[in-house]
$ cat entry-v4.cif   # mmCIF, C-alpha atoms, pLDDT in the B column; chains and numbers go by the auth columns
data_model
#
loop_
_atom_site.group_PDB
_atom_site.id
_atom_site.type_symbol
_atom_site.label_atom_id
_atom_site.label_comp_id
_atom_site.label_asym_id
_atom_site.label_seq_id
_atom_site.Cartn_x
_atom_site.Cartn_y
_atom_site.Cartn_z
_atom_site.B_iso_or_equiv
_atom_site.auth_seq_id
_atom_site.auth_asym_id
ATOM 1 C CA MET A 1 -2.741 17.286 -10.605 83.00 281 A
ATOM 2 C CA THR A 2 -4.544 14.211 -11.908 95.00 282 A
ATOM 3 C CA SER A 3 -1.717 12.580 -13.860 97.00 283 A
ATOM 4 C CA ILE A 4 1.998 11.948 -13.446 97.00 284 A
ATOM 5 C CA GLY A 5 3.597 11.446 -16.847 97.00 285 A
ATOM 6 C CA ASN A 6 6.050 8.873 -18.113 98.00 286 A
ATOM 7 C CA TYR A 7 9.561 9.196 -16.634 98.00 287 A
ATOM 8 C CA ALA A 8 8.466 12.163 -14.456 97.00 288 A
ATOM 9 C CA PHE A 9 10.691 11.266 -11.488 97.00 289 A
ATOM 10 C CA TYR A 10 13.110 9.031 -13.377 97.00 290 A
ATOM 11 C CA GLY A 11 16.475 8.788 -11.632 96.00 291 A
ATOM 12 C CA CYS A 12 15.580 10.952 -8.619 97.00 292 A
ATOM 13 C CA LYS A 13 18.164 9.170 -6.482 95.00 293 A
ATOM 14 C CA LEU A 14 17.448 11.188 -3.293 96.00 294 A
ATOM 15 C CA LEU A 15 13.633 11.004 -3.365 96.00 295 A
ATOM 16 C CA SER A 16 12.901 9.119 -0.135 95.00 296 A
ATOM 17 C CA ALA A 17 9.248 9.967 0.546 93.00 297 A
ATOM 18 C CA LEU A 18 6.306 11.121 -1.511 93.00 298 A
ATOM 19 C CA GLU A 19 2.628 11.685 -0.778 94.00 299 A
ATOM 20 C CA LEU A 20 0.541 11.302 -3.893 96.00 300 A
ATOM 21 C CA PRO A 21 -2.513 13.578 -4.213 96.00 301 A
ATOM 22 C CA SER A 22 -5.898 12.020 -3.413 95.00 302 A
ATOM 23 C CA ASN A 23 -7.311 13.042 -6.817 97.00 303 A
ATOM 24 C CA LEU A 24 -4.512 11.434 -8.860 97.00 304 A
ATOM 25 C CA LYS A 25 -5.880 9.247 -11.692 97.00 305 A
ATOM 26 C CA THR A 26 -2.845 7.945 -13.597 97.00 306 A
ATOM 27 C CA ILE A 27 0.799 7.145 -12.966 97.00 307 A
ATOM 28 C CA GLY A 28 2.692 6.805 -16.226 97.00 308 A
ATOM 29 C CA SER A 29 5.285 4.285 -17.340 97.00 309 A
ATOM 30 C CA TYR A 30 8.764 4.352 -15.763 98.00 310 A
ATOM 31 C CA THR A 31 7.587 7.274 -13.598 97.00 311 A
ATOM 32 C CA PHE A 32 9.715 6.429 -10.547 98.00 312 A
ATOM 33 C CA GLN A 33 12.432 4.350 -12.229 97.00 313 A
ATOM 34 C CA ASP A 34 15.705 4.307 -10.277 97.00 314 A
ATOM 35 C CA CYS A 35 14.361 6.336 -7.343 97.00 315 A
ATOM 36 C CA ASP A 36 16.856 4.507 -5.155 94.00 316 A
ATOM 37 C CA ALA A 37 15.962 6.131 -1.815 97.00 317 A
ATOM 38 C CA LEU A 38 12.172 5.683 -2.041 97.00 318 A
ATOM 39 C CA LYS A 39 11.143 3.383 0.836 97.00 319 A
ATOM 40 C CA GLY A 40 7.362 3.261 0.723 96.00 320 A
ATOM 41 C CA ILE A 41 4.447 4.355 -1.391 97.00 321 A
ATOM 42 C CA VAL A 42 0.684 4.530 -0.935 97.00 322 A
ATOM 43 C CA ILE A 43 -1.186 4.608 -4.220 97.00 323 A
ATOM 44 C CA PRO A 44 -4.485 6.466 -3.612 97.00 324 A
ATOM 45 C CA ASP A 45 -7.883 4.905 -4.310 97.00 325 A
ATOM 46 C CA SER A 46 -8.370 7.451 -7.112 97.00 326 A
ATOM 47 C CA VAL A 47 -5.584 5.916 -9.264 97.00 327 A
ATOM 48 C CA THR A 48 -7.069 3.805 -12.056 95.00 328 A
ATOM 49 C CA TYR A 49 -3.919 3.315 -14.159 95.00 329 A
ATOM 50 C CA LEU A 50 -0.377 2.384 -13.131 96.00 330 A
ATOM 51 C CA GLY A 51 1.944 2.325 -16.131 95.00 331 A
ATOM 52 C CA GLU A 52 4.409 -0.398 -16.992 96.00 332 A
ATOM 53 C CA TYR A 53 7.642 -0.432 -14.994 97.00 333 A
ATOM 54 C CA ALA A 54 6.321 2.508 -12.923 97.00 334 A
ATOM 55 C CA PHE A 55 8.605 1.669 -9.968 98.00 335 A
ATOM 56 C CA TYR A 56 11.328 -0.120 -11.931 97.00 336 A
ATOM 57 C CA ASP A 57 14.527 -0.700 -9.951 97.00 337 A
ATOM 58 C CA CYS A 58 13.492 1.230 -6.835 97.00 338 A
ATOM 59 C CA ASP A 59 15.824 -1.024 -4.887 94.00 339 A
ATOM 60 C CA LYS A 60 15.112 0.483 -1.436 96.00 340 A
ATOM 61 C CA LEU A 61 11.323 0.309 -1.812 97.00 341 A
ATOM 62 C CA GLU A 62 10.073 -1.799 1.103 97.00 342 A
ATOM 63 C CA SER A 63 6.307 -1.377 1.164 96.00 343 A
ATOM 64 C CA VAL A 64 3.504 -0.645 -1.276 97.00 344 A
ATOM 65 C CA VAL A 65 -0.186 -0.091 -0.596 97.00 345 A
ATOM 66 C CA ILE A 66 -2.323 -0.150 -3.724 96.00 346 A
ATOM 67 C CA GLY A 67 -5.631 1.717 -3.576 96.00 347 A
ATOM 68 C CA ASP A 68 -9.025 0.295 -4.481 96.00 348 A
ATOM 69 C CA GLY A 69 -9.279 2.133 -7.817 96.00 349 A
ATOM 70 C CA LEU A 70 -6.690 0.006 -9.583 95.00 350 A
ATOM 71 C CA THR A 71 -7.959 -3.089 -11.414 92.00 351 A
ATOM 72 C CA SER A 72 -4.763 -4.114 -13.186 91.00 352 A
ATOM 73 C CA ILE A 73 -1.037 -3.672 -12.721 92.00 353 A
ATOM 74 C CA GLU A 74 0.889 -3.265 -15.942 93.00 354 A
ATOM 75 C CA GLY A 75 3.914 -5.422 -16.717 94.00 355 A
ATOM 76 C CA GLY A 76 7.031 -4.837 -14.656 96.00 356 A
ATOM 77 C CA GLY A 77 5.291 -2.416 -12.281 96.00 357 A
ATOM 78 C CA PHE A 78 7.671 -3.199 -9.406 97.00 358 A
ATOM 79 C CA HIS A 79 10.385 -4.999 -11.391 97.00 359 A
ATOM 80 C CA GLY A 80 13.718 -5.093 -9.569 97.00 360 A
ATOM 81 C CA CYS A 81 12.481 -3.731 -6.225 97.00 361 A
ATOM 82 C CA SER A 82 14.790 -6.053 -4.304 97.00 362 A
ATOM 83 C CA SER A 83 13.943 -4.677 -0.818 97.00 363 A
ATOM 84 C CA LEU A 84 10.176 -5.004 -1.248 96.00 364 A
ATOM 85 C CA THR A 85 8.759 -7.025 1.659 96.00 365 A
ATOM 86 C CA SER A 86 5.146 -5.827 1.876 94.00 366 A
ATOM 87 C CA VAL A 87 2.515 -5.318 -0.822 94.00 367 A
ATOM 88 C CA VAL A 88 -1.174 -4.696 -0.147 94.00 368 A
ATOM 89 C CA ILE A 89 -3.210 -5.558 -3.238 93.00 369 A
ATOM 90 C CA PRO A 90 -6.971 -4.881 -3.047 94.00 370 A
ATOM 91 C CA GLU A 91 -9.502 -7.493 -4.117 92.00 371 A
ATOM 92 C CA GLY A 92 -10.499 -5.337 -7.092 92.00 372 A
ATOM 93 C CA VAL A 93 -7.194 -5.998 -8.871 93.00 373 A
ATOM 94 C CA ILE A 94 -8.105 -8.610 -11.471 92.00 374 A
ATOM 95 C CA SER A 95 -4.930 -8.588 -13.569 93.00 375 A
ATOM 96 C CA ILE A 96 -1.252 -8.534 -12.680 94.00 376 A
ATOM 97 C CA GLU A 97 0.799 -8.504 -15.862 94.00 377 A
ATOM 98 C CA SER A 98 4.054 -10.362 -16.474 92.00 378 A
ATOM 99 C CA GLN A 99 7.251 -9.463 -14.631 94.00 379 A
ATOM 100 C CA THR A 100 5.377 -7.182 -12.220 95.00 380 A
ATOM 101 C CA PHE A 101 7.331 -8.469 -9.214 95.00 381 A
ATOM 102 C CA TRP A 102 10.340 -9.935 -11.042 95.00 382 A
ATOM 103 C CA GLY A 103 13.527 -9.434 -9.053 95.00 383 A
ATOM 104 C CA CYS A 104 11.679 -8.657 -5.820 95.00 384 A
ATOM 105 C CA SER A 105 13.918 -11.086 -3.965 95.00 385 A
ATOM 106 C CA SER A 106 12.768 -10.007 -0.469 95.00 386 A
ATOM 107 C CA LEU A 107 9.073 -10.497 -1.243 91.00 387 A
ATOM 108 C CA ILE A 108 7.576 -13.762 -0.034 83.00 388 A
ATOM 109 C CA MET A 109 4.430 -14.550 -1.973 67.00 389 A
ATOM 110 C CA PRO A 110 1.709 -16.684 -0.337 64.00 390 A
ATOM 111 C CA THR A 111 1.166 -20.106 -1.834 59.00 391 A
#

$ encode --input "entry-v4.cif" --output "structure tokens"
Amino acid sequence: MTSIGNYAFYGCKLLSALELPSNLKTIGSYTFQDCDALKGIVIPDSVTYLGEYAFYDCDKLESVVIGDGLTSIEGGGFHGCSSLTSVVIPEGVISIESQTFWGCSSLIMPT
């Protein structure tokens, strides 16, 4: 599998863990919306596209590691992830669109 389509795991309330394949290229829009039990995600280096609102309202998501293949994060990527406390963003990310971390009330951004 090289692509996960839009809304693929939408509303999977009991999905608590997921290992994405190392050859994955794209994660569509709203793919993991409302996956309330998901606690952490590692986005492989092979991923070059992360759709808008991909992890929208994953309110138990605590940590995210973004692989080196991603250069931009579409708008609202982690919107409403209120438990998010740790995000690893590689140097190669040159664009973070609007509202990407909106509502991530547990995330403390460096100044």

$ resolve_selection --input "entry-v4.cif" --expression "the PyMOL selection byres ((chain A and resi 320) around 8)" --output "list in words"
Ala297, Leu318, Lys319, Ile321, Val322, Leu341, Glu342, Ser343 and Val344 of chain A

$ atom_distance --input "entry-v4.cif" --atom1 "atom CA of Ala288 of chain A" --atom2 "atom CA of Cys315 of chain A"
10.9 Å

$ residues_around --input "entry-v4.cif" --residues "segment 327-335 of chain A" --least-positions-apart "4" --cutoff "8 Å" --atoms "only C-alpha atoms" --output "PyMOL selection string"
chain A and resi 286+303-315+323+347+349-359+361+380

$ closest_residue --input "entry-v4.cif" --among "A:Asp348, A:Leu387, A:Ile284, A:Cys292" --to "Ile374 of chain A" --atoms "all atoms listed in the file"
A:Asp348

$ atom_distance --input "entry-v4.cif" --atom1 "atom CA of Pro324 of chain A" --atom2 "atom CA of Gly383 of chain A"
24.6 Å

$ axis_aligned_box --input "entry-v4.cif" --around "segment 363-376 of chain A" --padding-each-side "4 Å" --output "AutoDock Vina command-line options"
--center_x 1.7 --center_y -6.6 --center_z -5.8 --size_x 32.4 --size_y 11.9 --size_z 23.4

$ atom_distance --input "entry-v4.cif" --atom1 "atom CA of Ser378 of chain A" --atom2 "atom CA of Ile346 of chain A"
17.5 Å

$ closest_residue --input "entry-v4.cif" --among "A:Ile388, A:Ser326, A:Tyr336, A:Phe381" --to "Gly291 of chain A" --atoms "all atoms listed in the file"
A:Tyr336

$ closest_residue --input "entry-v4.cif" --among "A:Leu300, A:Asp325, A:Cys384, A:Asp337" --to "Ile369 of chain A" --atoms "all atoms listed in the file"
A:Asp325

$ closest_residue --input "entry-v4.cif" --among "A:Lys340, A:Glu377, A:Ser385, A:Ser363" --to "Leu295 of chain A" --atoms "all atoms listed in the file"
A:Lys340

$ build_atoms --input "entry-v4.cif" --residues "segment 315-328 of chain A" --atoms "N, CA, C and O atoms" --output "tab-separated table (two decimals), in the frame of the given file"
chain	number	residue	atom	x	y	z
A	315	CYS	N	14.47	5.47	-8.52
A	315	CYS	CA	14.36	6.34	-7.34
A	315	CYS	C	14.88	5.50	-6.16
A	315	CYS	O	14.10	4.90	-5.41
A	316	ASP	N	16.17	5.44	-6.04
A	316	ASP	CA	16.86	4.51	-5.16
A	316	ASP	C	16.58	4.70	-3.67
A	316	ASP	O	16.75	3.77	-2.90
A	317	ALA	N	16.18	5.88	-3.24
A	317	ALA	CA	15.96	6.13	-1.82
A	317	ALA	C	14.50	5.97	-1.39
A	317	ALA	O	14.21	5.96	-0.19
A	318	LEU	N	13.59	5.80	-2.34
A	318	LEU	CA	12.17	5.68	-2.04
A	318	LEU	C	11.91	4.40	-1.25
A	318	LEU	O	12.23	3.31	-1.71
A	319	LYS	N	11.32	4.54	-0.06
A	319	LYS	CA	11.14	3.38	0.84
A	319	LYS	C	9.72	2.86	0.89
A	319	LYS	O	9.51	1.69	1.18
A	320	GLY	N	8.75	3.70	0.66
A	320	GLY	CA	7.36	3.26	0.72
A	320	GLY	C	6.48	4.15	-0.12
A	320	GLY	O	6.81	5.32	-0.35
A	321	ILE	N	5.37	3.57	-0.59
A	321	ILE	CA	4.45	4.36	-1.39
A	321	ILE	C	3.03	3.87	-1.13
A	321	ILE	O	2.79	2.68	-0.98
A	322	VAL	N	2.12	4.83	-1.03
A	322	VAL	CA	0.68	4.53	-0.94
A	322	VAL	C	0.05	5.09	-2.20
A	322	VAL	O	0.12	6.29	-2.46
A	323	ILE	N	-0.53	4.21	-2.99
A	323	ILE	CA	-1.19	4.61	-4.22
A	323	ILE	C	-2.65	4.86	-3.88
A	323	ILE	O	-3.36	3.95	-3.44
A	324	PRO	N	-3.12	6.11	-4.03
A	324	PRO	CA	-4.49	6.47	-3.61
A	324	PRO	C	-5.57	5.68	-4.35
A	324	PRO	O	-5.35	5.19	-5.46
A	325	ASP	N	-6.73	5.59	-3.72
A	325	ASP	CA	-7.88	4.90	-4.31
A	325	ASP	C	-8.28	5.51	-5.65
A	325	ASP	O	-8.87	4.82	-6.49
A	326	SER	N	-7.98	6.76	-5.88
A	326	SER	CA	-8.37	7.45	-7.11
A	326	SER	C	-7.58	6.99	-8.34
A	326	SER	O	-8.01	7.19	-9.48
A	327	VAL	N	-6.43	6.35	-8.14
A	327	VAL	CA	-5.58	5.92	-9.26
A	327	VAL	C	-6.22	4.72	-9.95
A	327	VAL	O	-6.49	3.69	-9.34
A	328	THR	N	-6.47	4.88	-11.26
A	328	THR	CA	-7.07	3.80	-12.06
A	328	THR	C	-6.07	3.19	-13.04
A	328	THR	O	-6.35	2.16	-13.64
